[in-house]
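Student: The file below is coords-v1.tsv, TSV, C-alpha atoms:
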chain	number	residue	atom	x	y	z
A	1	MET	CA	146.02	48.98	102.98
A	2	GLU	CA	144.91	45.66	101.54
A	3	VAL	CA	143.18	45.73	98.19
A	4	ILE	CA	139.60	44.54	97.80
A	5	ASN	CA	138.96	43.06	94.39
A	6	ILE	CA	135.73	41.10	94.12
A	7	GLN	CA	134.61	39.56	90.86
A	8	GLY	CA	130.92	40.13	90.12
A	9	THR	CA	128.29	37.43	89.70
A	10	ASP	CA	124.66	37.29	88.48
A	11	ASP	CA	123.52	39.03	91.62
A	12	THR	CA	126.57	40.65	93.20
A	13	PRO	CA	128.72	43.50	91.85
A	14	ASN	CA	132.39	43.86	90.94
A	15	VAL	CA	134.13	45.76	93.68
A	16	ILE	CA	137.57	47.35	93.51
A	17	LEU	CA	138.89	49.25	96.51
A	18	ASP	CA	142.55	50.06	96.04
A	19	LYS	CA	143.98	52.92	98.07
A	20	ASN	CA	147.50	52.88	96.61
A	21	ASN	CA	146.31	53.05	93.00
A	22	ASN	CA	143.49	55.41	93.98
A	23	LYS	CA	140.85	53.18	92.43
A	24	PHE	CA	137.38	52.85	93.91
A	25	GLU	CA	134.62	51.22	91.95
A	26	ILE	CA	131.40	49.27	92.33
A	27	SER	CA	129.93	48.03	89.06
A	28	GLY	CA	127.54	45.49	87.57
A	29	ARG	CA	124.56	44.08	89.43
A	30	SER	CA	123.72	44.25	93.06
A	31	LEU	CA	120.68	42.11	93.82
A	32	PRO	CA	121.72	39.88	96.72
A	33	GLU	CA	119.04	38.74	99.12
A	34	ASP	CA	121.36	39.24	102.06
A	35	VAL	CA	122.98	42.60	101.37
A	36	ASN	CA	124.55	42.88	104.81
A	37	MET	CA	126.57	39.73	104.34
A	38	PHE	CA	127.94	40.84	100.98
A	39	TYR	CA	128.69	44.44	101.95
A	40	GLU	CA	130.08	43.89	105.44
A	41	PRO	CA	133.76	43.55	104.37
A	42	ILE	CA	133.32	46.58	102.09
A	43	MET	CA	131.95	48.72	104.92
A	44	ASP	CA	134.79	47.59	107.19
A	45	TRP	CA	137.32	48.48	104.51
A	46	ILE	CA	135.85	51.97	104.09
A	47	ASP	CA	135.94	52.50	107.86
A	48	GLY	CA	139.66	51.71	107.75
A	49	TYR	CA	140.17	53.97	104.73
A	50	ALA	CA	138.41	56.86	106.48
A	51	GLU	CA	141.12	56.87	109.14
A	52	ALA	CA	143.76	57.88	106.58
A	53	PRO	CA	142.13	58.70	103.24
A	54	ASN	CA	143.88	59.87	100.09
A	55	GLU	CA	143.94	63.62	99.45
A	56	LYS	CA	141.58	63.05	96.51
A	57	THR	CA	139.13	60.17	96.14
A	58	GLU	CA	137.05	59.51	93.05
A	59	PHE	CA	134.47	56.79	93.68
A	60	ASN	CA	132.91	55.23	90.59
A	61	PHE	CA	129.45	53.67	90.62
A	62	LYS	CA	128.64	51.92	87.38
A	63	LEU	CA	125.64	49.79	88.22
A	64	GLU	CA	123.38	48.09	85.78
A	65	TYR	CA	120.82	46.98	88.34
A	66	PHE	CA	120.45	47.20	92.06
A	67	ASN	CA	117.67	46.07	94.38
A	68	THR	CA	116.15	48.28	97.04
A	69	ALA	CA	118.10	46.65	99.87
A	70	SER	CA	121.31	47.51	98.01
A	71	SER	CA	120.10	51.07	97.53
A	72	LYS	CA	120.05	51.49	101.31
A	73	ILE	CA	123.60	50.09	101.58
A	74	ILE	CA	124.83	52.40	98.81
A	75	LEU	CA	123.52	55.33	100.87
A	76	ASP	CA	125.42	54.00	103.89
A	77	ILE	CA	128.61	53.89	101.78
A	78	LEU	CA	128.04	57.46	100.59
A	79	LEU	CA	127.44	58.64	104.15
A	80	LYS	CA	130.83	57.23	105.12
A	81	PHE	CA	132.43	59.23	102.31
A	82	GLU	CA	130.52	62.30	103.41
A	83	GLU	CA	132.39	62.05	106.71
A	84	ILE	CA	135.65	61.92	104.78
A	85	VAL	CA	134.59	65.15	103.04
A	86	GLU	CA	133.77	66.68	106.42
A	87	SER	CA	137.24	65.79	107.67
A	88	GLY	CA	138.66	68.05	104.95
A	89	HIS	CA	139.39	65.65	102.10
A	90	ASP	CA	138.40	65.85	98.49
A	91	VAL	CA	135.84	63.27	97.39
A	92	LYS	CA	133.97	63.05	94.11
A	93	ILE	CA	131.32	60.51	93.13
A	94	LYS	CA	131.27	59.55	89.50
A	95	TRP	CA	127.85	58.10	88.76
A	96	HIS	CA	127.69	56.18	85.49
A	97	TYR	CA	124.38	55.36	83.83
A	98	HIS	CA	123.29	53.86	80.55
A	99	GLU	CA	122.20	56.69	78.26
A	100	GLU	CA	118.75	55.14	77.83
A	101	GLU	CA	118.28	54.55	81.52
A	102	GLU	CA	116.78	57.56	83.15
A	103	ASP	CA	115.91	55.57	86.30
A	104	MET	CA	119.61	55.06	87.02
A	105	LEU	CA	120.38	58.75	86.48
A	106	GLU	CA	117.51	59.67	88.81
A	107	ALA	CA	118.81	57.26	91.44
A	108	GLY	CA	122.13	59.09	91.36
A	109	GLU	CA	120.40	62.45	91.64
A	110	GLU	CA	118.47	61.24	94.66
A	111	TYR	CA	121.69	60.31	96.42
A	112	ALA	CA	123.20	63.66	95.50
A	113	ASP	CA	120.19	65.31	97.20
A	114	ILE	CA	120.85	63.45	100.41
A	115	VAL	CA	124.63	63.56	100.82
A	116	GLU	CA	126.99	66.51	100.72
A	117	ILE	CA	129.43	65.16	98.16
A	118	PRO	CA	129.90	66.45	94.61
A	119	PHE	CA	128.43	64.12	91.99
A	120	GLU	CA	129.40	63.88	88.37
A	121	TYR	CA	127.15	61.98	85.96
A	122	GLU	CA	128.46	60.11	83.01
A	123	ALA	CA	126.33	58.43	80.35
A	124	TYR	CA	127.62	55.31	78.64
A	125	THR	CA	126.35	53.32	75.67
A	126	ASP	CA	126.25	49.56	75.06
B	127	MET	CA	88.96	3.30	81.86
B	128	GLU	CA	88.58	5.79	84.67
B	129	ASN	CA	92.31	6.51	84.43
B	130	SER	CA	92.28	7.12	80.75
B	131	HIS	CA	89.38	9.53	81.19
B	132	GLU	CA	91.29	11.49	83.80
B	133	ASN	CA	94.32	11.48	81.61
B	134	HIS	CA	92.31	12.81	78.72
B	135	SER	CA	90.86	15.70	80.69
B	136	PHE	CA	94.29	16.59	81.98
B	137	LEU	CA	95.62	16.74	78.43
B	138	ASP	CA	92.66	18.90	77.57
B	139	PHE	CA	93.50	21.18	80.45
B	140	ALA	CA	97.14	21.37	79.33
B	141	TYR	CA	96.00	22.39	75.85
B	142	GLN	CA	93.57	25.00	77.21
B	143	LEU	CA	96.32	26.36	79.39
B	144	TYR	CA	98.63	26.57	76.40
B	145	ARG	CA	95.94	28.41	74.40
B	146	THR	CA	95.23	30.84	77.21
B	147	MET	CA	98.91	31.56	77.66
B	148	LYS	CA	99.38	32.13	73.95
B	149	THR	CA	96.34	34.39	73.59
B	150	ASN	CA	97.32	36.52	76.56
B	151	GLU	CA	101.04	36.36	75.75
B	152	ILE	CA	101.83	35.01	79.18
B	153	SER	CA	105.50	34.20	79.14
B	154	LEU	CA	105.85	32.85	82.64
B	155	VAL	CA	103.62	31.14	85.19
B	156	TYR	CA	104.89	29.63	88.41
B	157	GLU	CA	103.54	28.42	91.71
B	158	GLY	CA	105.96	27.28	94.36
B	159	GLU	CA	108.69	28.26	96.72
B	160	VAL	CA	110.37	31.58	95.89
B	161	THR	CA	114.06	31.57	96.72
B	162	GLN	CA	116.94	33.71	95.56
B	163	ASP	CA	117.83	30.99	93.01
B	164	ILE	CA	114.30	31.05	91.61
B	165	THR	CA	114.48	34.85	91.44
B	166	LYS	CA	117.76	34.70	89.54
B	167	THR	CA	116.44	32.05	87.15
B	168	PHE	CA	113.19	33.86	86.32
B	169	THR	CA	114.74	37.27	85.92
B	170	SER	CA	117.46	35.91	83.68
B	171	LEU	CA	114.90	33.99	81.56
B	172	THR	CA	112.79	37.12	81.19
B	173	GLU	CA	115.86	39.20	80.48
B	174	LYS	CA	116.91	36.86	77.66
B	175	SER	CA	113.47	36.77	76.09
B	176	LEU	CA	113.18	40.57	76.30
B	177	ALA	CA	116.61	40.99	74.75
B	178	LYS	CA	115.37	39.04	71.72
B	179	SER	CA	112.31	41.27	71.45
B	180	GLU	CA	112.26	44.78	70.04
B	181	GLU	CA	111.57	46.28	73.42
B	182	SER	CA	113.44	49.45	74.36
B	183	ASN	CA	116.31	49.20	76.78
B	184	ALA	CA	114.48	51.31	79.33
B	185	VAL	CA	111.40	49.04	79.34
B	186	GLN	CA	113.54	45.89	79.53
B	187	ARG	CA	115.33	47.21	82.58
B	188	LYS	CA	112.11	48.28	84.26
B	189	VAL	CA	110.62	44.81	83.80
B	190	PHE	CA	113.78	43.25	85.22
B	191	ASN	CA	113.90	45.60	88.21
B	192	VAL	CA	110.25	45.24	89.07
B	193	MET	CA	110.46	41.44	88.84
B	194	VAL	CA	113.38	41.38	91.25
B	195	GLU	CA	111.50	43.50	93.79
B	196	CYS	CA	108.27	41.49	93.46
B	197	LEU	CA	110.06	38.16	93.85
B	198	GLN	CA	112.23	39.30	96.72
B	199	ASN	CA	109.09	40.65	98.40
B	200	ILE	CA	107.64	37.14	98.33
B	201	SER	CA	110.80	35.49	99.58
B	202	LYS	CA	111.00	37.97	102.45
B	203	HIS	CA	107.38	38.53	103.41
B	204	ALA	CA	105.23	35.56	102.35
B	205	ASP	CA	103.62	33.64	105.18
B	206	ALA	CA	102.91	29.92	105.27
B	207	LEU	CA	99.46	28.58	104.51
B	208	SER	CA	99.40	26.64	107.79
B	209	GLU	CA	101.44	26.20	110.94
B	210	GLU	CA	103.00	22.98	109.66
B	211	GLU	CA	104.49	24.55	106.57
B	212	ASP	CA	107.53	26.74	106.46
B	213	GLU	CA	108.00	27.49	102.79
B	214	ARG	CA	107.72	30.95	101.31
B	215	ARG	CA	105.60	30.14	98.33
B	216	GLY	CA	103.91	32.30	95.81
B	217	ILE	CA	102.64	32.63	92.28
B	218	VAL	CA	104.41	34.61	89.60
B	219	MET	CA	103.02	35.52	86.22
B	220	VAL	CA	104.41	37.74	83.49
B	221	SER	CA	102.23	38.78	80.57
B	222	LYS	CA	102.68	41.12	77.66
B	223	GLY	CA	99.81	43.22	76.36
B	224	ASP	CA	99.63	45.61	73.41
B	225	ASP	CA	100.76	48.54	75.49
B	226	CYS	CA	102.14	47.10	78.71
B	227	TYR	CA	103.78	44.29	80.62
B	228	ASN	CA	102.02	42.95	83.70
B	229	ILE	CA	103.91	41.31	86.50
B	230	ILE	CA	101.48	39.57	88.79
B	231	THR	CA	102.59	38.04	92.04
B	232	GLY	CA	100.60	36.44	94.82
B	233	ASN	CA	101.38	35.07	98.23
B	234	VAL	CA	99.80	34.05	101.50
B	235	ILE	CA	99.76	36.72	104.18
B	236	LYS	CA	98.62	36.62	107.81
B	237	ASN	CA	95.39	38.59	108.23
B	238	GLY	CA	96.94	40.62	111.01
B	239	LYS	CA	99.46	42.10	108.57
B	240	ILE	CA	96.84	43.26	106.05
B	241	PRO	CA	95.94	46.69	107.56
B	242	GLY	CA	99.60	47.78	107.67
B	243	LEU	CA	100.30	46.58	104.15
B	244	LYS	CA	97.11	48.22	102.86
B	245	GLU	CA	98.16	51.48	104.44
B	246	ASN	CA	101.57	51.30	102.71
B	247	LEU	CA	99.97	50.50	99.36
B	248	GLU	CA	97.46	53.34	99.67
B	249	GLN	CA	100.16	55.78	100.68
B	250	VAL	CA	102.28	54.82	97.65
B	251	ASN	CA	99.26	55.08	95.34
B	252	SER	CA	98.39	58.54	96.62
B	253	LEU	CA	101.77	60.01	95.66
B	254	ASP	CA	103.03	61.50	92.41
B	255	LYS	CA	106.55	61.04	91.04
B	256	LYS	CA	108.04	63.74	93.24
B	257	GLY	CA	106.20	62.47	96.31
B	258	LEU	CA	107.45	58.92	95.70
B	259	SER	CA	111.00	60.15	95.31
B	260	ASP	CA	110.76	62.10	98.58
B	261	LEU	CA	109.30	59.10	100.41
B	262	TYR	CA	112.02	56.84	98.99
B	263	LYS	CA	114.76	59.18	100.16
B	264	LYS	CA	113.16	59.54	103.59
B	265	GLN	CA	112.79	55.79	103.99
B	266	MET	CA	116.39	55.20	102.84
B	267	LYS	CA	117.67	57.67	105.42
B	268	GLU	CA	115.51	56.56	108.32
B	269	GLY	CA	114.91	52.91	107.58
B	270	ARG	CA	117.03	50.01	108.67
B	271	ILE	CA	117.64	46.74	106.96
B	272	SER	CA	115.50	44.14	108.69
B	273	ASP	CA	116.62	40.65	109.70
B	274	LYS	CA	115.00	39.40	106.54
B	275	GLY	CA	117.09	41.81	104.51
B	276	GLY	CA	114.27	44.17	103.51
B	277	ALA	CA	114.61	47.92	103.54
B	278	GLY	CA	110.89	48.76	103.31
B	279	LEU	CA	111.51	50.28	99.89
B	280	GLY	CA	110.17	47.62	97.52
B	281	LEU	CA	106.65	48.94	96.92
B	282	ILE	CA	107.81	52.55	96.61
B	283	ASP	CA	110.43	51.47	94.09
B	284	ILE	CA	107.91	49.48	92.02
B	285	ALA	CA	105.57	52.49	91.90
B	286	LYS	CA	108.45	54.80	90.96
B	287	LYS	CA	109.75	52.55	88.19
B	288	THR	CA	106.36	51.70	86.68
B	289	GLY	CA	104.79	55.13	87.00
B	290	SER	CA	101.48	53.29	87.48
B	291	GLU	CA	99.27	52.66	90.45
B	292	LEU	CA	99.85	49.40	92.28
B	293	SER	CA	96.79	47.29	91.81
B	294	TYR	CA	96.12	44.78	94.55
B	295	GLN	CA	93.60	42.47	96.15
B	296	PHE	CA	93.28	40.41	99.29
B	297	LYS	CA	91.32	37.15	99.04
B	298	LYS	CA	90.40	35.64	102.35
B	299	ILE	CA	91.50	32.01	102.73
B	300	SER	CA	90.70	31.43	106.41
B	301	ASP	CA	90.40	33.30	109.70
B	302	GLU	CA	94.19	33.29	109.91
B	303	VAL	CA	95.43	33.99	106.38
B	304	SER	CA	94.57	35.63	103.05
B	305	PHE	CA	96.01	35.61	99.56
B	306	PHE	CA	97.60	38.88	98.50
B	307	ILE	CA	97.75	39.61	94.77
B	308	LEU	CA	99.81	42.48	93.39
B	309	THR	CA	99.81	43.58	89.77
B	310	SER	CA	102.60	45.84	88.55
B	311	THR	CA	102.12	47.38	85.13
B	312	ILE	CA	104.96	48.65	82.98
B	313	ARG	CA	103.89	50.74	80.03
B	314	ARG	CA	105.67	49.91	76.79
B	315	ASN	CA	105.63	53.38	75.19
B	316	ASN	CA	106.41	56.08	77.64
Please go through the file and, once you have read it, give me the structure as structure tokens.
Tutor:
Amino acid sequence: MEVINIQGTDDTPNVILDKNNNKFEISGRSLPEDVNMFYEPIMDWIDGYAEAPNEKTEFNFKLEYFNTASSKIILDILLKFEEIVESGHDVKIKWHYHEEEEDMLEAGEEYADIVEIPFEYEAYTD
Amino acid sequence: MENSHENHSFLDFAYQLYRTMKTNEISLVYEGEVTQDITKTFTSLTEKSLAKSEESNAVQRKVFNVMVECLQNISKHADALSEEEDERRGIVMVSKGDDCYNIITGNVIKNGKIPGLKENLEQVNSLDKKGLSDLYKKQMKEGRISDKGGAGLGLIDIAKKTGSELSYQFKKISDEVSFFILTSTIRRNN
């Protein structure tokens, strides 16, 4: 599978989706006005990945900020991985948050309430 | 002579404005079109000035987040003052008080949209932290992203992040439109 490697900007995140090296990460800021446009290739990639996923997938979210439109898209991404879990594969979400930022931890916990995927929380410092 | 008089009173106004802004620690005032570029510029300006202050990380991030939602609300939902105009304009003001930051935004809204918006605001204000979180999750699951790119989550998110009631007002401009003012308050010591 092709590798997605998008460099982040002021309002869009870094994205790495690399099946061969088993690396899946979205980090930085996600505040685009048009979330659909930015995330469309990412959703398409995940659809392709779901057809033949790795035995174990660890997806890392390390977001500093995201807007509410992005929060909806993040749920859509997680729901796609939930289907991968349902098809008998191992998926883990690693949710990183700044140690002083309870809001980001809570956001992760809210997703964990909605989707049936194991979450692991990891605090980081500056 | 007339000109010089006008000029003088404008300078006077500029000075009064400066004094008012200083006294109330208003760090940003803007009236105009609200685009994604404006949003990026204002949030990054505010972020830089907050980083220089002694404010806690958590408060800095709340101010940033709430500003993004308020500004993107204007760029997605503001209506034009008249049929001839097509710009999504608004006012934006950020002030710092002894115990809180206020983010005040205002924009024109069609009168027909007021009852629905009021209902959303009242619903959000009636909920506690748990209730807001449940509503947010429900809306994320059931909602769709509109053509304008909104997910119907902005107001819920602002209330969640600030932990304060959303204070708002509608000022009637004409039979067609009103001015909607929203004040979001972020407490400095939680």
Student: Show which residues sit within 12 Å of Ile307 in chain B, as a ChimeraX atom specification. Count all atoms listed in the file, and ignore same-chain residues fewer than 6 positions away.
Tutor: /B:196,199-200,204,216-219,229-235,240,243-244,292-298
Student: To one decimal place, how far is CA of Glu245 in chain B from CA of Asp113 in chain A in Å?
Tutor: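 Between CA of Glu245 in chain B and CA of Asp113 in chain A the gap is 27.0 Å.
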Student: Could you list, as a PyMOL selection string, every residue within 10 Å of Glu51 in chain A, counting only C-alpha atoms and ignoring same-chain residues fewer than 5 positions away?
Tutor: chain A and resi 46+84+87
Student: Please compute the CA of Ser71 in chain A-CA of Ala107 in chain A distance, one decimal, in Å.
Tutor: 8.8 Å
Student: Which residues are near Ile93 in chain A? Cut-off 10 Å, all atoms listed in the file, ignore same chain within fewer than 4 positions. Put them as a list in words.
Tutor: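 That gives Phe24, Glu25, Thr57, Glu58, Phe59, Asn60, Phe61, Leu78, Phe81, Gly108, Ala112, Ile117, Pro118, Phe119, Glu120 and Tyr121 of chain A.
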Student: With C-alpha atoms retained, export the selected residues as a short mmCIF file (atom, residue, chain, number, x, y, z; two decimals), in the coordinates of the input.
Tutor:
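Result file follows (part32.cif):
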data_model
loop_
_atom_site.label_atom_id
_atom_site.label_comp_id
_atom_site.auth_asym_id
_atom_site.auth_seq_id
_atom_site.Cartn_x
_atom_site.Cartn_y
_atom_site.Cartn_z
CA PHE A 24 137.38 52.85 93.91
CA GLU A 25 134.62 51.22 91.95
CA THR A 57 139.13 60.17 96.14
CA GLU A 58 137.05 59.51 93.05
CA PHE A 59 134.47 56.79 93.68
CA ASN A 60 132.91 55.23 90.59
CA PHE A 61 129.45 53.67 90.62
CA LEU A 78 128.04 57.46 100.59
CA PHE A 81 132.43 59.23 102.31
CA GLY A 108 122.13 59.09 91.36
CA ALA A 112 123.20 63.66 95.50
CA ILE A 117 129.43 65.16 98.16
CA PRO A 118 129.90 66.45 94.61
CA PHE A 119 128.43 64.12 91.99
CA GLU A 120 129.40 63.88 88.37
CA TYR A 121 127.15 61.98 85.96
#
Student: Identify every residue of chain A that has at least one atom within 9 Å of any atom of chain B, counting all atoms listed in the file, and report the result as number ranges by chain.
Tutor: A: 10-11, 31-36, 64-73, 75-76, 100-103, 110-111, 113-114
Student: What lies within 12 Å of Asp224 in chain B using all atoms listed in the file, ignoring chain neighbours under 5 positions off, as an MDAnalysis selection string?
Tutor: chainID B and resid 149:151 181 312:315
Student: Between CA of Asp90 in chain A and CA of Lys56 in chain A, what is the spacing in Å?
Tutor: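 Distance between the two atoms: 4.7 Å.
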Student: Place N, CA, C and O atoms on range 20-43 of chain A and deliver the coordinates as a PDB file, in the coordinates of the input.
Tutor:
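result_27.pdb, written as the output of this step:
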ATOM      1  N   ASN A  20     146.219  52.491  97.203  1.00  0.00           N
ATOM      2  CA  ASN A  20     147.500  52.880  96.610  1.00  0.00           C
ATOM      3  C   ASN A  20     147.358  53.335  95.162  1.00  0.00           C
ATOM      4  O   ASN A  20     148.018  54.271  94.731  1.00  0.00           O
ATOM      5  N   ASN A  21     146.515  52.646  94.400  1.00  0.00           N
ATOM      6  CA  ASN A  21     146.310  53.050  93.000  1.00  0.00           C
ATOM      7  C   ASN A  21     145.144  54.032  92.850  1.00  0.00           C
ATOM      8  O   ASN A  21     144.744  54.361  91.728  1.00  0.00           O
ATOM      9  N   ASN A  22     144.587  54.448  93.975  1.00  0.00           N
ATOM     10  CA  ASN A  22     143.490  55.410  93.980  1.00  0.00           C
ATOM     11  C   ASN A  22     142.329  54.967  93.080  1.00  0.00           C
ATOM     12  O   ASN A  22     141.845  55.726  92.242  1.00  0.00           O
ATOM     13  N   LYS A  23     141.923  53.713  93.266  1.00  0.00           N
ATOM     14  CA  LYS A  23     140.850  53.180  92.430  1.00  0.00           C
ATOM     15  C   LYS A  23     139.714  52.674  93.318  1.00  0.00           C
ATOM     16  O   LYS A  23     139.924  51.823  94.181  1.00  0.00           O
ATOM     17  N   PHE A  24     138.529  53.222  93.089  1.00  0.00           N
ATOM     18  CA  PHE A  24     137.380  52.850  93.910  1.00  0.00           C
ATOM     19  C   PHE A  24     136.193  52.670  92.987  1.00  0.00           C
ATOM     20  O   PHE A  24     135.761  53.618  92.341  1.00  0.00           O
ATOM     21  N   GLU A  25     135.697  51.451  92.918  1.00  0.00           N
ATOM     22  CA  GLU A  25     134.620  51.220  91.950  1.00  0.00           C
ATOM     23  C   GLU A  25     133.686  50.097  92.377  1.00  0.00           C
ATOM     24  O   GLU A  25     134.125  49.058  92.859  1.00  0.00           O
ATOM     25  N   ILE A  26     132.389  50.330  92.177  1.00  0.00           N
ATOM     26  CA  ILE A  26     131.400  49.270  92.330  1.00  0.00           C
ATOM     27  C   ILE A  26     130.618  49.246  91.017  1.00  0.00           C
ATOM     28  O   ILE A  26     130.095  50.272  90.584  1.00  0.00           O
ATOM     29  N   SER A  27     130.586  48.084  90.363  1.00  0.00           N
ATOM     30  CA  SER A  27     129.930  48.030  89.060  1.00  0.00           C
ATOM     31  C   SER A  27     129.200  46.714  88.853  1.00  0.00           C
ATOM     32  O   SER A  27     129.454  45.739  89.552  1.00  0.00           O
ATOM     33  N   GLY A  28     128.285  46.716  87.897  1.00  0.00           N
ATOM     34  CA  GLY A  28     127.540  45.490  87.570  1.00  0.00           C
ATOM     35  C   GLY A  28     126.190  45.437  88.247  1.00  0.00           C
ATOM     36  O   GLY A  28     125.459  46.412  88.249  1.00  0.00           O
ATOM     37  N   ARG A  29     125.885  44.292  88.848  1.00  0.00           N
ATOM     38  CA  ARG A  29     124.560  44.080  89.430  1.00  0.00           C
ATOM     39  C   ARG A  29     124.640  43.867  90.929  1.00  0.00           C
ATOM     40  O   ARG A  29     125.478  43.109  91.385  1.00  0.00           O
ATOM     41  N   SER A  30     123.755  44.489  91.627  1.00  0.00           N
ATOM     42  CA  SER A  30     123.720  44.250  93.060  1.00  0.00           C
ATOM     43  C   SER A  30     122.304  43.886  93.482  1.00  0.00           C
ATOM     44  O   SER A  30     121.477  44.761  93.735  1.00  0.00           O
ATOM     45  N   LEU A  31     122.030  42.589  93.495  1.00  0.00           N
ATOM     46  CA  LEU A  31     120.680  42.110  93.820  1.00  0.00           C
ATOM     47  C   LEU A  31     120.693  41.038  94.902  1.00  0.00           C
ATOM     48  O   LEU A  31     119.805  40.187  94.929  1.00  0.00           O
ATOM     49  N   PRO A  32     121.689  41.010  95.776  1.00  0.00           N
ATOM     50  CA  PRO A  32     121.720  39.880  96.720  1.00  0.00           C
ATOM     51  C   PRO A  32     120.534  39.944  97.672  1.00  0.00           C
ATOM     52  O   PRO A  32     119.983  41.025  97.922  1.00  0.00           O
ATOM     53  N   GLU A  33     120.137  38.776  98.174  1.00  0.00           N
ATOM     54  CA  GLU A  33     119.040  38.740  99.120  1.00  0.00           C
ATOM     55  C   GLU A  33     119.564  39.239 100.470  1.00  0.00           C
ATOM     56  O   GLU A  33     118.902  39.982 101.158  1.00  0.00           O
ATOM     57  N   ASP A  34     120.763  38.821 100.801  1.00  0.00           N
ATOM     58  CA  ASP A  34     121.360  39.240 102.060  1.00  0.00           C
ATOM     59  C   ASP A  34     122.444  40.273 101.781  1.00  0.00           C
ATOM     60  O   ASP A  34     123.612  39.947 101.620  1.00  0.00           O
ATOM     61  N   VAL A  35     122.023  41.538 101.724  1.00  0.00           N
ATOM     62  CA  VAL A  35     122.980  42.600 101.370  1.00  0.00           C
ATOM     63  C   VAL A  35     124.026  42.805 102.459  1.00  0.00           C
ATOM     64  O   VAL A  35     125.176  43.079 102.173  1.00  0.00           O
ATOM     65  N   ASN A  36     123.602  42.644 103.717  1.00  0.00           N
ATOM     66  CA  ASN A  36     124.550  42.880 104.810  1.00  0.00           C
ATOM     67  C   ASN A  36     125.751  41.965 104.718  1.00  0.00           C
ATOM     68  O   ASN A  36     126.880  42.389 104.932  1.00  0.00           O
ATOM     69  N   MET A  37     125.481  40.696 104.400  1.00  0.00           N
ATOM     70  CA  MET A  37     126.570  39.730 104.340  1.00  0.00           C
ATOM     71  C   MET A  37     127.562  40.125 103.247  1.00  0.00           C
ATOM     72  O   MET A  37     128.761  40.107 103.450  1.00  0.00           O
ATOM     73  N   PHE A  38     127.043  40.488 102.090  1.00  0.00           N
ATOM     74  CA  PHE A  38     127.940  40.840 100.980  1.00  0.00           C
ATOM     75  C   PHE A  38     128.715  42.128 101.273  1.00  0.00           C
ATOM     76  O   PHE A  38     129.912  42.222 100.995  1.00  0.00           O
ATOM     77  N   TYR A  39     128.049  43.129 101.822  1.00  0.00           N
ATOM     78  CA  TYR A  39     128.690  44.440 101.950  1.00  0.00           C
ATOM     79  C   TYR A  39     129.503  44.647 103.226  1.00  0.00           C
ATOM     80  O   TYR A  39     130.218  45.637 103.341  1.00  0.00           O
ATOM     81  N   GLU A  40     129.391  43.699 104.169  1.00  0.00           N
ATOM     82  CA  GLU A  40     130.080  43.890 105.440  1.00  0.00           C
ATOM     83  C   GLU A  40     131.598  44.143 105.277  1.00  0.00           C
ATOM     84  O   GLU A  40     132.121  45.120 105.817  1.00  0.00           O
ATOM     85  N   PRO A  41     132.314  43.291 104.517  1.00  0.00           N
ATOM     86  CA  PRO A  41     133.760  43.550 104.370  1.00  0.00           C
ATOM     87  C   PRO A  41     134.054  44.885 103.679  1.00  0.00           C
ATOM     88  O   PRO A  41     135.072  45.533 103.957  1.00  0.00           O
ATOM     89  N   ILE A  42     133.130  45.307 102.817  1.00  0.00           N
ATOM     90  CA  ILE A  42     133.320  46.580 102.090  1.00  0.00           C
ATOM     91  C   ILE A  42     133.175  47.752 103.058  1.00  0.00           C
ATOM     92  O   ILE A  42     133.973  48.697 103.057  1.00  0.00           O
ATOM     93  N   MET A  43     132.157  47.664 103.922  1.00  0.00           N
ATOM     94  CA  MET A  43     131.950  48.720 104.920  1.00  0.00           C
ATOM     95  C   MET A  43     133.151  48.794 105.869  1.00  0.00           C
ATOM     96  O   MET A  43     133.614  49.887 106.206  1.00  0.00           O
TER      97      MET A  43
END
